[in-house]
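Asker: target.txt (compact mmCIF, C-alpha atoms) pasted underneath:
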# COMPACT_ATOMS: atom_id res chain seq x y z
CA MET M 10 -9.96 17.31 -21.21
CA HIS M 11 -7.22 15.96 -18.95
CA ALA M 12 -3.61 16.72 -19.83
CA GLU M 13 -1.16 13.89 -20.33
CA HIS M 14 1.93 14.10 -18.12
CA TRP M 15 5.57 13.34 -18.77
CA TYR M 16 5.56 9.81 -17.33
CA THR M 17 8.23 7.58 -18.81
CA LEU M 18 6.38 4.61 -20.24
CA THR M 19 8.94 1.84 -19.90
CA PRO M 20 8.08 -1.73 -20.90
CA ALA M 21 8.00 -2.63 -17.19
CA LEU M 22 5.48 0.14 -16.44
CA GLN M 23 3.32 -0.82 -19.39
CA ALA M 24 3.30 -4.42 -18.18
CA LEU M 25 2.35 -3.27 -14.69
CA LEU M 26 -0.54 -1.19 -16.02
CA ALA M 27 -1.79 -4.24 -17.89
CA ARG M 28 -1.70 -6.24 -14.65
CA HIS M 29 -3.62 -3.47 -12.87
CA ALA M 30 -6.27 -3.45 -15.59
CA ALA M 31 -6.58 -7.22 -15.22
CA TRP M 32 -6.88 -6.93 -11.42
CA TRP M 33 -10.03 -4.85 -11.80
CA GLN M 34 -11.40 -7.79 -13.77
CA LYS M 35 -10.47 -10.09 -10.84
CA LYS M 36 -7.52 -11.59 -12.67
CA GLY M 37 -4.10 -11.88 -11.08
CA LEU M 38 -2.41 -10.91 -7.81
CA LEU M 39 -0.85 -7.61 -6.74
CA TYR M 40 1.60 -7.35 -3.83
CA ALA M 41 3.44 -4.42 -2.27
CA GLU M 42 5.55 -3.59 0.75
CA THR M 43 5.39 0.03 1.87
CA PRO M 44 6.77 2.05 4.78
CA ASP M 45 4.84 2.33 8.02
CA GLY M 46 1.61 4.26 7.48
CA SER M 47 1.05 5.29 11.12
CA LEU M 48 0.22 8.95 11.64
CA GLY M 49 2.21 10.14 14.66
CA ASP M 50 2.13 13.80 15.69
CA LEU M 51 0.38 16.22 13.34
CA TRP M 52 2.80 18.26 11.21
CA LEU M 53 0.94 21.47 10.50
CA PRO M 54 2.81 24.20 8.57
CA LEU M 55 1.28 27.62 9.13
CA ALA M 56 1.21 30.55 6.73
CA ASP M 57 3.36 32.66 9.06
CA GLY M 58 6.28 30.28 8.53
CA THR M 59 5.93 28.42 11.82
CA LEU M 60 4.62 24.99 12.76
CA ALA M 61 1.58 24.65 14.97
CA GLU M 62 2.57 23.56 18.47
CA GLN M 63 -0.84 23.82 20.13
CA ASP M 64 -4.25 22.48 19.19
CA VAL M 65 -6.08 25.00 17.04
CA TYR M 66 -9.25 25.58 15.05
CA LEU M 67 -7.88 25.62 11.51
CA THR M 68 -9.06 27.94 8.75
CA PRO M 69 -7.83 27.75 5.15
CA ASP M 70 -5.87 31.01 5.35
CA MET M 71 -3.77 29.55 8.21
CA LEU M 72 -2.28 26.69 6.18
CA ASP M 73 0.99 27.13 4.25
CA ALA M 74 0.13 25.47 0.95
CA ASP M 75 3.71 25.66 -0.35
CA ARG M 76 5.17 23.64 2.51
CA ALA M 77 2.16 21.34 2.72
CA ALA M 78 2.71 20.36 -0.92
CA GLY M 79 6.31 19.32 -0.26
CA GLU M 80 9.49 19.78 -2.26
CA HIS M 81 9.93 19.69 -6.02
CA SER M 82 11.00 16.26 -7.25
CA GLU M 83 13.70 15.80 -9.84
CA THR M 84 12.35 14.55 -13.15
CA GLY M 85 12.61 10.80 -13.34
CA ALA M 86 10.86 7.48 -13.81
CA LEU M 87 7.58 6.75 -12.10
CA GLN M 88 8.27 5.07 -8.76
CA THR M 89 6.53 1.98 -7.43
CA TRP M 90 6.30 -0.05 -4.28
CA ASN M 91 6.56 -3.49 -5.87
CA ASP M 92 3.24 -3.87 -7.72
CA ILE M 93 1.64 -0.55 -6.77
CA ILE M 94 2.39 2.96 -8.02
CA GLN M 95 3.55 5.64 -5.62
CA THR M 96 0.95 8.38 -5.19
CA GLN M 97 0.60 11.74 -3.52
CA HIS M 98 -2.60 13.35 -2.22
CA ALA M 99 -3.41 16.88 -1.12
CA PHE M 100 -2.58 17.07 2.64
CA SER M 101 -4.96 14.29 3.57
CA ARG M 102 -4.93 15.09 7.30
CA VAL M 103 -7.49 17.81 6.50
CA PRO M 104 -11.08 16.49 6.41
CA TRP M 105 -11.62 18.36 3.16
CA VAL M 106 -15.20 17.51 2.34
CA GLU M 107 -16.38 18.24 5.88
CA ALA M 108 -14.53 21.56 5.84
CA ILE M 109 -16.06 22.52 2.49
CA LEU M 110 -19.51 21.59 3.82
CA GLY M 111 -18.98 24.04 6.68
CA CYS M 112 -17.72 22.03 9.65
CA PRO M 113 -15.28 23.74 12.04
CA ILE M 114 -11.95 21.89 11.87
CA ARG M 115 -10.03 21.20 15.07
CA ALA M 116 -6.37 20.24 14.65
CA SER M 117 -4.91 18.07 17.41
CA ILE M 118 -1.13 18.26 17.24
CA LYS M 119 -0.18 15.48 19.67
CA GLY M 120 -3.23 13.47 18.71
CA GLY M 121 -2.03 13.46 15.11
CA SER M 122 -5.40 14.25 13.59
CA MET M 123 -7.90 16.86 12.48
CA ARG M 124 -11.52 16.47 13.47
CA ALA M 125 -14.63 18.00 11.98
CA GLU M 126 -17.13 19.32 14.51
CA HIS M 127 -20.83 19.06 13.68
CA PHE M 128 -22.83 22.24 13.23
CA ILE M 129 -26.37 20.95 12.68
CA ARG M 130 -27.63 20.17 16.18
CA SER M 131 -31.31 19.94 15.38
CA TRP M 132 -33.43 20.19 12.24
CA GLU M 133 -35.44 23.02 13.75
CA ALA M 134 -32.52 25.35 14.50
CA ASP M 135 -30.83 27.33 11.73
CA PRO M 136 -27.49 25.66 10.96
CA GLU M 137 -24.37 27.72 11.39
CA PRO M 138 -21.76 26.43 8.97
CA THR M 139 -18.47 28.23 8.69
CA SER M 140 -18.14 30.63 5.76
CA ASP M 141 -14.84 29.04 4.70
CA GLY M 142 -16.17 26.38 2.31
CA PRO M 143 -15.21 28.12 -0.96
CA GLN M 144 -11.77 28.95 0.44
CA TRP M 145 -11.21 25.34 1.49
CA LEU M 146 -12.10 24.17 -2.02
CA ALA M 147 -9.77 26.74 -3.59
CA LEU M 148 -6.96 25.61 -1.26
CA LEU M 149 -7.55 21.97 -2.17
CA ARG M 150 -7.27 22.78 -5.87
CA THR M 151 -4.10 24.80 -5.21
CA LEU M 152 -2.50 21.85 -3.45
CA VAL M 153 -3.47 19.43 -6.23
CA ASN M 154 -1.91 21.77 -8.79
CA LEU M 155 1.28 22.09 -6.74
CA LEU M 156 1.59 18.32 -6.35
CA VAL M 157 1.18 17.80 -10.09
CA LYS M 158 3.79 20.44 -10.93
CA ARG M 159 6.27 19.10 -8.38
CA SER M 160 6.00 15.40 -9.15
CA GLY M 161 8.63 15.37 -11.90
CA GLY M 162 6.81 12.34 -13.27
CA ARG M 163 8.01 10.30 -10.26
CA TRP M 164 4.61 9.92 -8.61
CA VAL M 165 0.99 10.14 -9.60
CA VAL M 166 -1.49 12.45 -7.90
CA SER M 167 -4.76 10.92 -6.79
CA HIS M 168 -7.74 12.64 -5.23
CA THR M 169 -7.35 13.32 -1.53
CA LEU M 170 -9.00 11.41 1.32
CA MET M 171 -12.75 11.92 1.07
CA ARG M 172 -15.12 10.38 3.59
CA GLY M 173 -18.35 8.92 2.30
CA PRO M 174 -21.99 9.86 2.90
CA SER M 175 -22.41 8.06 6.24
CA ASP M 176 -19.24 9.68 7.56
CA LEU M 177 -20.37 13.09 6.33
CA ALA M 178 -23.70 12.65 8.09
CA GLU M 179 -21.93 11.79 11.35
CA ALA M 180 -19.55 14.74 10.93
CA VAL M 181 -22.16 17.38 10.11
CA LEU M 182 -25.09 16.13 12.22
CA GLY M 183 -23.36 14.33 15.04
CA ALA M 184 -23.93 10.67 15.83
CA ASP M 185 -27.15 11.13 17.81
CA LEU M 186 -28.98 13.25 15.24
CA MET M 187 -27.72 11.07 12.40
CA CYS M 188 -29.13 7.90 13.94
CA LEU M 189 -32.36 9.34 15.35
CA SER M 190 -33.20 11.05 12.06
CA GLN M 191 -33.66 7.66 10.40
CA TYR M 192 -36.84 7.34 12.49
CA GLU M 193 -37.84 10.89 13.39
CA GLN M 194 -36.84 12.98 10.35
CA PRO M 195 -36.27 10.58 7.43
CA SER M 196 -37.08 13.12 4.71
CA ARG M 197 -34.60 15.65 6.10
CA LEU M 198 -31.89 13.02 6.43
CA HIS M 199 -32.45 11.92 2.85
CA SER M 200 -32.30 15.54 1.65
CA PHE M 201 -29.03 16.00 3.51
CA LEU M 202 -27.55 12.86 1.95
CA VAL M 203 -28.62 13.89 -1.55
CA ASP M 204 -26.87 17.24 -1.12
CA ALA M 205 -23.77 15.81 0.58
CA THR M 206 -23.36 13.18 -2.15
CA ARG M 207 -23.71 15.78 -4.90
CA ARG M 208 -21.09 17.96 -3.27
CA PHE M 209 -18.75 15.00 -2.73
CA ILE M 210 -18.90 14.29 -6.47
CA ASP M 211 -18.37 17.97 -7.30
CA ILE M 212 -15.28 18.10 -5.04
CA TRP M 213 -13.97 14.91 -6.63
CA HIS M 214 -14.47 16.40 -10.11
CA ALA M 215 -12.70 19.62 -9.04
CA GLN M 216 -9.57 17.56 -8.33
CA VAL M 217 -9.72 15.08 -11.20
CA GLU M 218 -9.88 17.82 -13.82
CA LEU M 219 -6.46 19.01 -12.58
CA ILE M 220 -4.79 15.59 -12.48
CA PRO M 221 -2.94 14.38 -15.59
CA SER M 222 -3.95 11.00 -16.91
CA LEU M 223 -1.58 8.09 -17.29
CA GLU M 224 -2.11 6.15 -20.51
CA GLY M 225 -5.69 7.37 -20.55
CA GLY M 226 -6.37 6.20 -17.01
CA TYR M 227 -5.89 7.23 -13.39
CA VAL M 228 -4.37 5.81 -10.22
CA ASN M 229 -6.46 5.40 -7.09
CA TRP M 230 -5.55 6.21 -3.50
CA PHE M 231 -4.02 2.74 -3.07
CA GLY M 232 -1.69 2.97 -6.07
CA ILE M 233 -3.69 0.83 -8.48
CA TRP M 234 -4.14 2.16 -12.02
CA ALA M 235 -7.43 1.83 -13.85
CA PRO M 236 -8.17 2.44 -17.55
CA GLY M 237 -10.52 5.29 -16.69
CA THR M 238 -11.41 7.63 -13.83
CA VAL M 239 -11.26 6.31 -10.27
CA VAL M 240 -12.89 7.27 -6.98
CA ARG M 241 -12.55 6.08 -3.39
CA THR M 242 -15.36 6.25 -0.86
CA GLN M 243 -15.78 4.91 2.68
CA CYS M 244 -18.39 4.19 5.32
CA ASP M 245 -16.58 4.16 8.67
CA ALA M 246 -19.63 5.61 10.44
CA SER M 247 -21.56 2.48 9.47
CA ALA M 248 -20.02 0.98 12.62
CA MET M 249 -22.97 2.65 14.40
CA LEU M 250 -25.50 1.06 12.02
CA SER M 251 -26.84 -2.38 11.32
CA ALA M 252 -26.16 -3.93 7.95
CA ALA M 253 -29.79 -3.29 7.00
CA GLN M 254 -29.61 0.36 8.04
CA TYR M 255 -26.48 0.87 5.98
CA ARG M 256 -28.03 -0.91 2.98
CA ASP M 257 -31.26 1.09 3.12
CA TRP M 258 -29.92 4.51 4.06
CA TYR M 259 -26.33 4.96 2.91
CA LEU M 260 -25.37 2.34 0.35
CA PRO M 261 -27.43 4.02 -2.42
CA TYR M 262 -25.34 7.18 -1.99
CA ASP M 263 -22.03 5.28 -1.91
CA GLN M 264 -23.27 3.60 -5.09
CA GLN M 265 -24.03 7.00 -6.62
CA ILE M 266 -20.48 8.12 -5.88
CA ALA M 267 -19.14 4.89 -7.36
CA THR M 268 -21.05 5.41 -10.59
CA ALA M 269 -19.64 8.94 -10.98
CA ALA M 270 -16.31 7.36 -11.97
CA ASP M 271 -15.41 4.50 -14.27
CA TYR M 272 -13.88 2.53 -11.39
CA ALA M 273 -14.49 2.74 -7.65
CA VAL M 274 -13.23 1.19 -4.43
CA ILE M 275 -14.82 1.41 -0.98
CA HIS M 276 -12.72 1.50 2.19
CA LEU M 277 -13.74 -0.65 5.17
CA HIS M 278 -12.14 -1.59 8.49
CA SER M 279 -11.54 -5.15 9.60
CA GLY M 280 -13.32 -4.44 12.87
CA SER M 281 -16.51 -3.46 11.04
CA LEU M 282 -17.21 -5.75 8.10
CA HIS M 283 -20.95 -6.25 8.58
CA THR M 284 -21.54 -4.03 5.52
CA VAL M 285 -19.80 -6.48 3.18
CA GLY M 286 -23.00 -8.37 2.41
CA PRO M 287 -24.94 -5.37 1.07
CA ILE M 288 -21.91 -4.13 -0.89
CA LEU M 289 -21.51 -7.50 -2.60
CA GLU M 290 -25.11 -7.33 -3.79
CA ILE M 291 -24.39 -4.43 -6.15
CA GLU M 292 -22.03 -4.02 -9.11
CA ARG M 293 -20.37 -0.81 -7.95
CA PRO M 294 -18.10 -0.09 -6.21
CA GLN M 295 -16.16 -2.71 -8.13
CA ALA M 296 -13.56 -3.32 -5.39
CA ILE M 297 -13.32 -3.41 -1.60
CA GLN M 298 -10.34 -2.32 0.49
CA VAL M 299 -10.02 -3.50 4.09
CA SER M 300 -7.70 -1.70 6.51
CA LEU M 301 -6.52 -4.13 9.17
CA ASP M 302 -7.30 -2.81 12.65
CA PRO M 303 -4.89 -3.93 15.38
CA GLN M 304 -6.28 -6.18 18.06
CA PRO M 305 -8.47 -5.74 20.04
CA SER M 306 -10.04 -3.14 17.70
CA GLY M 307 -10.17 -5.74 14.99
CA PRO M 308 -10.28 -9.55 14.97
CA PRO M 309 -7.18 -11.68 14.32
CA LEU M 310 -6.34 -12.37 10.71
CA GLU M 311 -7.47 -16.00 10.89
CA ARG M 312 -11.04 -14.93 11.67
CA LEU M 313 -11.07 -12.55 8.69
CA LEU M 314 -10.25 -15.19 6.08
CA PRO M 315 -13.85 -16.39 5.51
CA VAL M 316 -15.12 -12.88 4.75
CA PHE M 317 -12.09 -12.21 2.53
CA GLN M 318 -12.85 -15.42 0.62
CA ARG M 319 -16.46 -14.31 0.26
CA ILE M 320 -15.42 -10.93 -1.12
CA LEU M 321 -13.03 -12.49 -3.63
CA GLN M 322 -15.81 -14.63 -5.03
CA ALA M 323 -17.43 -11.43 -6.32
CA LYS M 324 -15.03 -8.47 -6.28
CA PRO M 325 -11.34 -7.56 -6.16
CA LEU M 326 -10.03 -7.11 -2.61
CA ILE M 327 -7.23 -5.01 -1.13
CA VAL M 328 -5.95 -6.25 2.24
CA ASP M 329 -4.04 -3.32 3.69
CA GLY M 330 -2.18 -2.99 6.98
CA GLU M 331 0.71 -4.03 9.18
CA LEU M 332 1.53 -7.58 8.19
CA ASN M 333 4.45 -9.79 9.12
CA THR M 334 5.93 -12.50 6.91
CA ARG M 335 3.83 -15.28 8.44
CA GLN M 336 0.60 -13.33 7.96
CA VAL M 337 1.42 -12.57 4.33
CA GLN M 338 2.10 -16.26 3.73
CA THR M 339 -1.26 -17.09 5.32
CA LEU M 340 -3.07 -14.73 2.97
CA LEU M 341 -1.25 -16.11 -0.06
CA GLU M 342 -1.95 -19.72 0.90
CA ARG M 343 -5.55 -19.38 2.09
CA LEU M 344 -7.05 -16.87 -0.35
CA PRO M 345 -7.62 -17.03 -4.11
CA SER M 346 -4.93 -15.07 -5.90
CA ASP M 347 -7.16 -13.66 -8.64
CA GLY M 348 -8.31 -10.19 -7.66
CA LEU M 349 -6.28 -10.10 -4.45
CA CYS M 350 -4.01 -7.17 -3.59
CA ILE M 351 -1.90 -7.28 -0.43
CA ILE M 352 -0.34 -4.06 0.85
CA ALA M 353 2.00 -4.89 3.72
CA ARG M 354 2.80 -1.73 5.63
CA GLY M 355 5.80 -1.58 7.93
CA ASN M 356 9.53 -2.13 7.58
CA PRO M 357 10.17 -3.65 4.11
CA GLU M 358 13.35 -5.32 5.47
CA GLN M 359 11.10 -7.59 7.52
CA MET M 360 9.44 -8.75 4.31
CA ALA M 361 12.58 -9.73 2.39
CA GLY M 362 12.11 -12.39 -0.22
CA LEU M 363 8.36 -12.01 -0.71
Take the structure I supplied and represent it as structure tokens, if you would.
Answerer:
Amino acid sequence: MHAEHWYTLTPALQALLARHAAWWQKKGLLYAETPDGSLGDLWLPLADGTLAEQDVYLTPDMLDADRAAGEHSETGALQTWNDIIQTQHAFSRVPWVEAILGCPIRASIKGGSMRAEHFIRSWEADPEPTSDGPQWLALLRTLVNLLVKRSGGRWVVSHTLMRGPSDLAEAVLGADLMCLSQYEQPSRLHSFLVDATRRFIDIWHAQVELIPSLEGGYVNWFGIWAPGTVVRTQCDASAMLSAAQYRDWYLPYDQQIATAADYAVIHLHSGSLHTVGPILEIERPQAIQVSLDPQPSGPPLERLLPVFQRILQAKPLIVDGELNTRQVQTLLERLPSDGLCIIARGNPEQMAGL
């Protein structure tokens, strides 16, 4: 049973939740302007009271959970960015699922990231995962609890960033073994994916059971409420695969994750949208989110419009990234409004009047 929180249910918030519920049914438009989402240097508070200044292999005992969770918020009304609800997630720089699975975690301070290093180098050798998995899971739950207690009803906690089955395969096995196993060790790759997917769902459940509901529903990573549980998955490593390989090998496991919750969204990148076709062939995940990659990593917005139109014929779509006023106007004019959500990241002053 999930506890209800002390959110102030104003008429405006109730109307917004109704619009969010309709969006999942591909009805209506959502729009938001948010601050810049770029990462920058990695802020890494250590348990000894210092901040990490050098790259380091991170273990759960090294992280200061109190500082990582942030300050207590004064009790107040739930905050929004226009049409989306403000959320907090447990220190999402940590690749939590990979760490719990046993990957060593390397923190790059200037690089602004944490990377999971693979530990299965061949199917014949005994794998050597770290022994920190249970401690990482306990730390994740601690951070979720702290965020809930410190929110003051001003934000909603969602589950942290969790990479999907294809990404977990690349992280644990490495790219070469992941790809070659499709041909040389298919049964072992399938067994790995079954286990990784089960553990993903278990880790998701371990967070959701700590998160208070809002009017009987939950808010996803992107700030959209649903009248039920929500999960986010992703398939960034599918950039190394053909659409057919993703459909045959990894989509069934993303689908399994999506069916673990009442509502699901899958994260894609604009530079790698070849998986859209297979995803549109199935009912779940119900929605697709596309992060806009800057050129030349991703194509210009004009070239993305046909695939966005195709998505919106079947599923709700979140277009998410740095967008200027002209680009927002292009999306509004060229795409169907029903089921569309635009999250324009950057300086809100540049977006005045929209």
Asker: Report, in Å with one decimal, the straight-line distance from CA of Gln144 in chain M to CA of Thr169 in chain M.
Answerer: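 About the pair CA of Gln144 in chain M and CA of Thr169 in chain M: they are 16.4 Å apart.
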Asker: Around the point (-3.1, -5.5, -15.6) in the file's coordinates, collect all residues with an atom within 12 Å, using only C-alpha atoms, and return them as a PyMOL selection string.
Answerer: chain M and resi 21-39+92-93+233-236+347-348
Asker: Mind dumping a table of every range 136-199 of chain M residue within 10 Å of range 98-104 of chain M, with the nearest atom pair and its distance in Å to one decimal, using only C-alpha atoms, sorted by chain and rising number, as a Markdown table?
Answerer:
| residue | atom | partner | partner_atom | distance |
| --- | --- | --- | --- | --- |
| M:Trp145 | CA | M:Val103 | CA | 9.8 |
| M:Leu148 | CA | M:Ala99 | CA | 9.4 |
| M:Leu149 | CA | M:Ala99 | CA | 6.6 |
| M:Arg150 | CA | M:Ala99 | CA | 8.5 |
| M:Thr151 | CA | M:Ala99 | CA | 8.9 |
| M:Leu152 | CA | M:Ala99 | CA | 5.6 |
| M:Val153 | CA | M:Ala99 | CA | 5.7 |
| M:Asn154 | CA | M:Ala99 | CA | 9.2 |
| M:Leu155 | CA | M:Ala99 | CA | 9.0 |
| M:Leu156 | CA | M:Ala99 | CA | 7.4 |
| M:Val157 | CA | M:His98 | CA | 9.8 |
| M:Val165 | CA | M:His98 | CA | 8.8 |
| M:Val166 | CA | M:His98 | CA | 5.9 |
| M:Ser167 | CA | M:His98 | CA | 5.6 |
| M:His168 | CA | M:His98 | CA | 6.0 |
| M:Thr169 | CA | M:His98 | CA | 4.8 |
| M:Leu170 | CA | M:Ser101 | CA | 5.4 |
| M:Met171 | CA | M:Pro104 | CA | 7.2 |
| M:Arg172 | CA | M:Pro104 | CA | 7.8 |
| M:Leu177 | CA | M:Pro104 | CA | 9.9 |
| M:Ala180 | CA | M:Pro104 | CA | 9.8 |
Asker: Between CA of Tyr262 in chain M and CA of Pro287 in chain M, what is the spacing in Å?
Answerer: 12.9 Å
Asker: Just how far from CA of Arg163 in chain M is CA of His81 in chain M, in Å to one decimal?
Answerer: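 CA of His81 in chain M sits 10.5 Å away from CA of Arg163 in chain M.
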Asker: Leaving out Ser122 in chain M and any residue of its chain fewer than 4 positions from it, which residues lie within 8 Å of it when counting only C-alpha atoms, given as JSON, numbers by chain?
Answerer: {"M": [48, 50, 51, 102, 116, 117, 118]}
Asker: Restricting the calculation to only C-alpha atoms, which member of M:Val285, M:Leu72, M:Ile327, M:Ala267 is positioned closest to Tyr255 in chain M?
Answerer: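 Of M:Val285, M:Leu72, M:Ile327, M:Ala267, the one nearest Tyr255 in chain M, counting only C-alpha atoms, is M:Val285.
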Asker: Of the candidates M:Leu250, M:Leu55, M:Cys244, M:Ile220, which shows the shortest atom-to-atom distance to Val274 in chain M, using only C-alpha atoms?
Answerer: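 Between M:Leu250, M:Leu55, M:Cys244, M:Ile220, the residue approaching Val274 in chain M most closely is M:Cys244.
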Asker: Identify which of the residues M:Met123, M:Leu189, M:Leu289, M:Ile352 lies closest to Ile94 in chain M, counting all atoms listed in the file when measuring atom-to-atom distances.
Answerer: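 Selected residue with least distance to Ile94 in chain M: M:Ile352.
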Asker: For Phe317 in chain M, please output as an NGL selection string all residues within 9 Å (counting all atoms listed in the file; exclusion window: fewer than 6 positions along the same chain).
Answerer: :M and (326 or 328 or 344)
Asker: Nearest to Met249 in chain M: which of M:Asp329, M:Asp185, M:Glu126, M:Glu42 is it, counting all atoms listed in the file?
Answerer: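 The answer is M:Asp185, which sits nearest to Met249 in chain M.
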Asker: Would you kindly return, as a list in words, each protein, DNA or RNA residue with an atom no farther than 7 Å from any atom of range 278-284 of chain M, considering all atoms listed in the file and excluding same-chain residues fewer than 2 positions away?
Answerer: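 Returned residues: Ala248, Ala252, Tyr255, Gly286, Pro287, Ile288, Val299, Ser300, Leu301, Asp302, Ser306, Gly307 and Pro308 of chain M.
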Asker: Tell me which protein, DNA and RNA residues are within 10 Å of Ile109 in chain M, counting only C-alpha atoms, leaving out same-chain ones fewer than 3 positions away, and put them as a ChimeraX atom specification.
Answerer: /M:104-106,112-113,138-147,149,208-209,212
Asker: Using only C-alpha atoms, determine which residues lie at most 10 Å from Gly183 in chain M, disregarding the query and same-chain residues fewer than 5 positions distant; provide the list as a PyMOL selection string.
Answerer: chain M and resi 125-131+176-178+188
Asker: Using all atoms listed in the file, can you tell me which of M:Asn229, M:Ser196, M:Ser247, M:Gln254 comes closest to Glu179 in chain M?
Answerer: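 Closest to Glu179 in chain M of all the choices is M:Ser247.
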Asker: Of the candidates M:Val240, M:Ile210, M:Ala253, M:Leu260, which one gets nearest to Ala296 in chain M if we count all atoms listed in the file?
Answerer: M:Val240
Asker: With 9 Å as the threshold, what does the neighbourhood of (-31.1, 7.7, 4.4) contain in terms of residues, counting all atoms listed in the file? Coordinates are those of the file; answer as a PyMOL selection string.
Answerer: chain M and resi 175+190-191+195-203+254-255+257-262
Asker: N, CA and C atoms for range 169-184 of chain M, written as a PDB file, in the coordinates of the input, could you do that?
Answerer:
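Here's the written file result_31.pdb:
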ATOM      1  N   THR M 169      -7.681  13.405  -2.945  1.00  0.00           N
ATOM      2  CA  THR M 169      -7.350  13.320  -1.530  1.00  0.00           C
ATOM      3  C   THR M 169      -8.352  12.447  -0.788  1.00  0.00           C
ATOM      4  N   LEU M 170      -8.089  12.215   0.492  1.00  0.00           N
ATOM      5  CA  LEU M 170      -9.000  11.410   1.320  1.00  0.00           C
ATOM      6  C   LEU M 170     -10.347  12.105   1.417  1.00  0.00           C
ATOM      7  N   MET M 171     -11.386  11.386   1.033  1.00  0.00           N
ATOM      8  CA  MET M 171     -12.750  11.920   1.070  1.00  0.00           C
ATOM      9  C   MET M 171     -13.641  10.895   1.742  1.00  0.00           C
ATOM     10  N   ARG M 172     -14.265  11.295   2.832  1.00  0.00           N
ATOM     11  CA  ARG M 172     -15.120  10.380   3.590  1.00  0.00           C
ATOM     12  C   ARG M 172     -16.504  10.332   2.955  1.00  0.00           C
ATOM     13  N   GLY M 173     -17.113   9.158   3.009  1.00  0.00           N
ATOM     14  CA  GLY M 173     -18.350   8.920   2.300  1.00  0.00           C
ATOM     15  C   GLY M 173     -19.585   9.473   2.992  1.00  0.00           C
ATOM     16  N   PRO M 174     -20.759   9.247   2.413  1.00  0.00           N
ATOM     17  CA  PRO M 174     -21.990   9.860   2.900  1.00  0.00           C
ATOM     18  C   PRO M 174     -22.317   9.571   4.360  1.00  0.00           C
ATOM     19  N   SER M 175     -22.116   8.336   4.824  1.00  0.00           N
ATOM     20  CA  SER M 175     -22.410   8.060   6.240  1.00  0.00           C
ATOM     21  C   SER M 175     -21.468   8.831   7.142  1.00  0.00           C
ATOM     22  N   ASP M 176     -20.203   8.928   6.755  1.00  0.00           N
ATOM     23  CA  ASP M 176     -19.240   9.680   7.560  1.00  0.00           C
ATOM     24  C   ASP M 176     -19.543  11.170   7.550  1.00  0.00           C
ATOM     25  N   LEU M 177     -20.013  11.676   6.407  1.00  0.00           N
ATOM     26  CA  LEU M 177     -20.370  13.090   6.330  1.00  0.00           C
ATOM     27  C   LEU M 177     -21.589  13.391   7.193  1.00  0.00           C
ATOM     28  N   ALA M 178     -22.539  12.466   7.225  1.00  0.00           N
ATOM     29  CA  ALA M 178     -23.700  12.650   8.090  1.00  0.00           C
ATOM     30  C   ALA M 178     -23.279  12.702   9.550  1.00  0.00           C
ATOM     31  N   GLU M 179     -22.401  11.789   9.962  1.00  0.00           N
ATOM     32  CA  GLU M 179     -21.930  11.790  11.350  1.00  0.00           C
ATOM     33  C   GLU M 179     -21.151  13.054  11.670  1.00  0.00           C
ATOM     34  N   ALA M 180     -20.362  13.545  10.706  1.00  0.00           N
ATOM     35  CA  ALA M 180     -19.550  14.740  10.930  1.00  0.00           C
ATOM     36  C   ALA M 180     -20.401  15.996  11.044  1.00  0.00           C
ATOM     37  N   VAL M 181     -21.369  16.151  10.163  1.00  0.00           N
ATOM     38  CA  VAL M 181     -22.160  17.380  10.110  1.00  0.00           C
ATOM     39  C   VAL M 181     -23.290  17.381  11.131  1.00  0.00           C
ATOM     40  N   LEU M 182     -23.917  16.208  11.347  1.00  0.00           N
ATOM     41  CA  LEU M 182     -25.090  16.130  12.220  1.00  0.00           C
ATOM     42  C   LEU M 182     -24.752  15.676  13.629  1.00  0.00           C
ATOM     43  N   GLY M 183     -23.639  14.996  13.786  1.00  0.00           N
ATOM     44  CA  GLY M 183     -23.360  14.330  15.040  1.00  0.00           C
ATOM     45  C   GLY M 183     -24.010  12.961  15.049  1.00  0.00           C
ATOM     46  N   ALA M 184     -23.461  12.052  15.853  1.00  0.00           N
ATOM     47  CA  ALA M 184     -23.930  10.670  15.830  1.00  0.00           C
ATOM     48  C   ALA M 184     -25.389  10.536  16.263  1.00  0.00           C
TER      49      ALA M 184
END
